[in-house]
Amino acid sequence: MSSLSSQQQHADQDRIASELKGNTLRVYWYVLNNTDKSIGVREVQRALKFSSPTLALYHLEKLRELGLVSKDSGEYRLVKEVKVDVLKVFVRVWRFFVPRFALYAVLFTALTSYLVTQVVRLDFYTFFGLLLGSAATVIFWVETWKTWRQRP
């Protein structure tokens, strides 16, 4: 019985992943970033610079059919948060979505900065620690920037 439920959930995830692309993904991203309020059709149209409210309505209704938003009095509200495609690499920090790499970048930046302030004498191990810490810091900041550019 539970395998049937698991199969159904997997099928739903696959359907959502196949439908949540392009402008529909952009609308979903907008709704995700405004979870504290209801979203209207014209608001989505203006925010995403769609040519008409009908286009915004089409994508909001598509999200409603997927079970991701609900409609109440002409306004839409987030019902379900899913991680598909590019959304998998973003995490919510308070109300904002940031690339997961940003958390690692901040950690390595802090650790490397601390090491720099604590260096008394430069020997092989200190140099190696600074080199690795600096390399990791740069790599994670570059990956954060690349991921941020891919956001919907």
# chains A, B, ... in the order shown; residues from 1 in each chain; ligands from 1
>>> residues_around(residues="Val79 in chain A", least_positions_apart="6", cutoff="7 Å", atoms="only C-alpha atoms", output="PyMOL selection string")
chain A and resi 68-70
>>> write_last_selection(atoms="C-alpha atoms", output="PDB file, in the first residue's frame")
ATOM      1  CA  LEU A  68       1.484  24.414  -5.892  1.00  0.00           C
ATOM      2  CA  VAL A  69      -0.753  27.451  -5.304  1.00  0.00           C
ATOM      3  CA  SER A  70      -4.347  27.976  -4.261  1.00  0.00           C
TER       4      SER A  70
END
>>> closest_atom_pairs(of="range 63-88 of chain A", to="range 31-55 of chain A", cutoff="8 Å", atoms="only C-alpha atoms", output="CSV")
residue,atom,partner,partner_atom,distance
A:Gly74,CA,A:Gly40,CA,6.8
A:Glu75,CA,A:Gly40,CA,4.8
A:Tyr76,CA,A:Ile39,CA,5.0
A:Arg77,CA,A:Ser38,CA,4.9
A:Leu78,CA,A:Thr35,CA,6.1
A:Glu81,CA,A:Leu32,CA,7.6
>>> residues_around(residues="range 139-150 of chain A", least_positions_apart="6", cutoff="6 Å", atoms="only C-alpha atoms", output="list in words")
Pro99, Phe101, Ala102 and Ala105 of chain A
>>> write_last_selection(atoms="N, CA and C atoms", output="PDB file, in the first residue's frame")
ATOM      1  N   PRO A  99      21.769  30.745  -3.081  1.00  0.00           N
ATOM      2  CA  PRO A  99      22.416  29.508  -3.524  1.00  0.00           C
ATOM      3  C   PRO A  99      23.089  28.810  -2.349  1.00  0.00           C
ATOM      4  N   PHE A 101      25.742  27.268  -2.298  1.00  0.00           N
ATOM      5  CA  PHE A 101      27.171  27.571  -2.304  1.00  0.00           C
ATOM      6  C   PHE A 101      27.494  28.826  -1.497  1.00  0.00           C
ATOM      7  N   ALA A 102      26.548  29.752  -1.385  1.00  0.00           N
ATOM      8  CA  ALA A 102      26.802  30.988  -0.635  1.00  0.00           C
ATOM      9  C   ALA A 102      27.082  30.681   0.836  1.00  0.00           C
ATOM     10  N   ALA A 105      30.572  29.459   0.958  1.00  0.00           N
ATOM     11  CA  ALA A 105      31.482  30.573   0.676  1.00  0.00           C
ATOM     12  C   ALA A 105      31.669  31.445   1.915  1.00  0.00           C
TER      13      ALA A 105
END
>>> closest_residue(among="A:Gln9, A:Thr24, A:Ser134, A:Ser73", to="Glu61 in chain A", atoms="only C-alpha atoms")
A:Thr24
>>> closest_residue(among="A:Asn23, A:Arg121, A:Trp29, A:Leu130", to="Phe96 in chain A", atoms="only C-alpha atoms")
A:Trp29
>>> residues_around(residues="Leu66 in chain A", least_positions_apart="6", cutoff="10 Å", atoms="only C-alpha atoms", output="PyMOL selection string")
chain A and resi 12-13+15-16+19-20+60+80
>>> write_last_selection(atoms="N, CA and C atoms", output="PDB file, in the first residue's frame")
ATOM      1  N   ASP A  12       3.844  12.379  -9.294  1.00  0.00           N
ATOM      2  CA  ASP A  12       3.494  13.793  -9.139  1.00  0.00           C
ATOM      3  C   ASP A  12       4.730  14.676  -9.249  1.00  0.00           C
ATOM      4  N   GLN A  13       5.825  14.261  -8.614  1.00  0.00           N
ATOM      5  CA  GLN A  13       7.080  15.020  -8.691  1.00  0.00           C
ATOM      6  C   GLN A  13       7.576  15.101 -10.131  1.00  0.00           C
ATOM      7  N   ARG A  15       5.759  14.884 -12.859  1.00  0.00           N
ATOM      8  CA  ARG A  15       4.846  15.759 -13.602  1.00  0.00           C
ATOM      9  C   ARG A  15       5.139  17.224 -13.318  1.00  0.00           C
ATOM     10  N   ILE A  16       5.345  17.556 -12.043  1.00  0.00           N
ATOM     11  CA  ILE A  16       5.660  18.931 -11.658  1.00  0.00           C
ATOM     12  C   ILE A  16       6.977  19.363 -12.288  1.00  0.00           C
ATOM     13  N   GLU A  19       6.524  20.151 -15.974  1.00  0.00           N
ATOM     14  CA  GLU A  19       5.690  21.323 -16.246  1.00  0.00           C
ATOM     15  C   GLU A  19       6.293  22.633 -15.746  1.00  0.00           C
ATOM     16  N   LEU A  20       7.151  22.561 -14.739  1.00  0.00           N
ATOM     17  CA  LEU A  20       7.680  23.751 -14.082  1.00  0.00           C
ATOM     18  C   LEU A  20       8.955  24.217 -14.790  1.00  0.00           C
ATOM     19  N   LEU A  60      -0.277  31.204 -13.558  1.00  0.00           N
ATOM     20  CA  LEU A  60      -0.798  31.018 -12.202  1.00  0.00           C
ATOM     21  C   LEU A  60      -1.781  29.846 -12.151  1.00  0.00           C
ATOM     22  N   LYS A  80       2.364  24.651  -1.720  1.00  0.00           N
ATOM     23  CA  LYS A  80       3.366  23.590  -1.641  1.00  0.00           C
ATOM     24  C   LYS A  80       4.675  24.081  -2.250  1.00  0.00           C
TER      25      LYS A  80
END
>>> atom_distance(atom1="CA of His59 in chain A", atom2="CA of Val89 in chain A")
22.9 Å
>>> closest_residue(among="A:Lys83, A:Ala136, A:Leu122, A:Val93", to="Ala110 in chain A", atoms="only C-alpha atoms")
A:Ala136
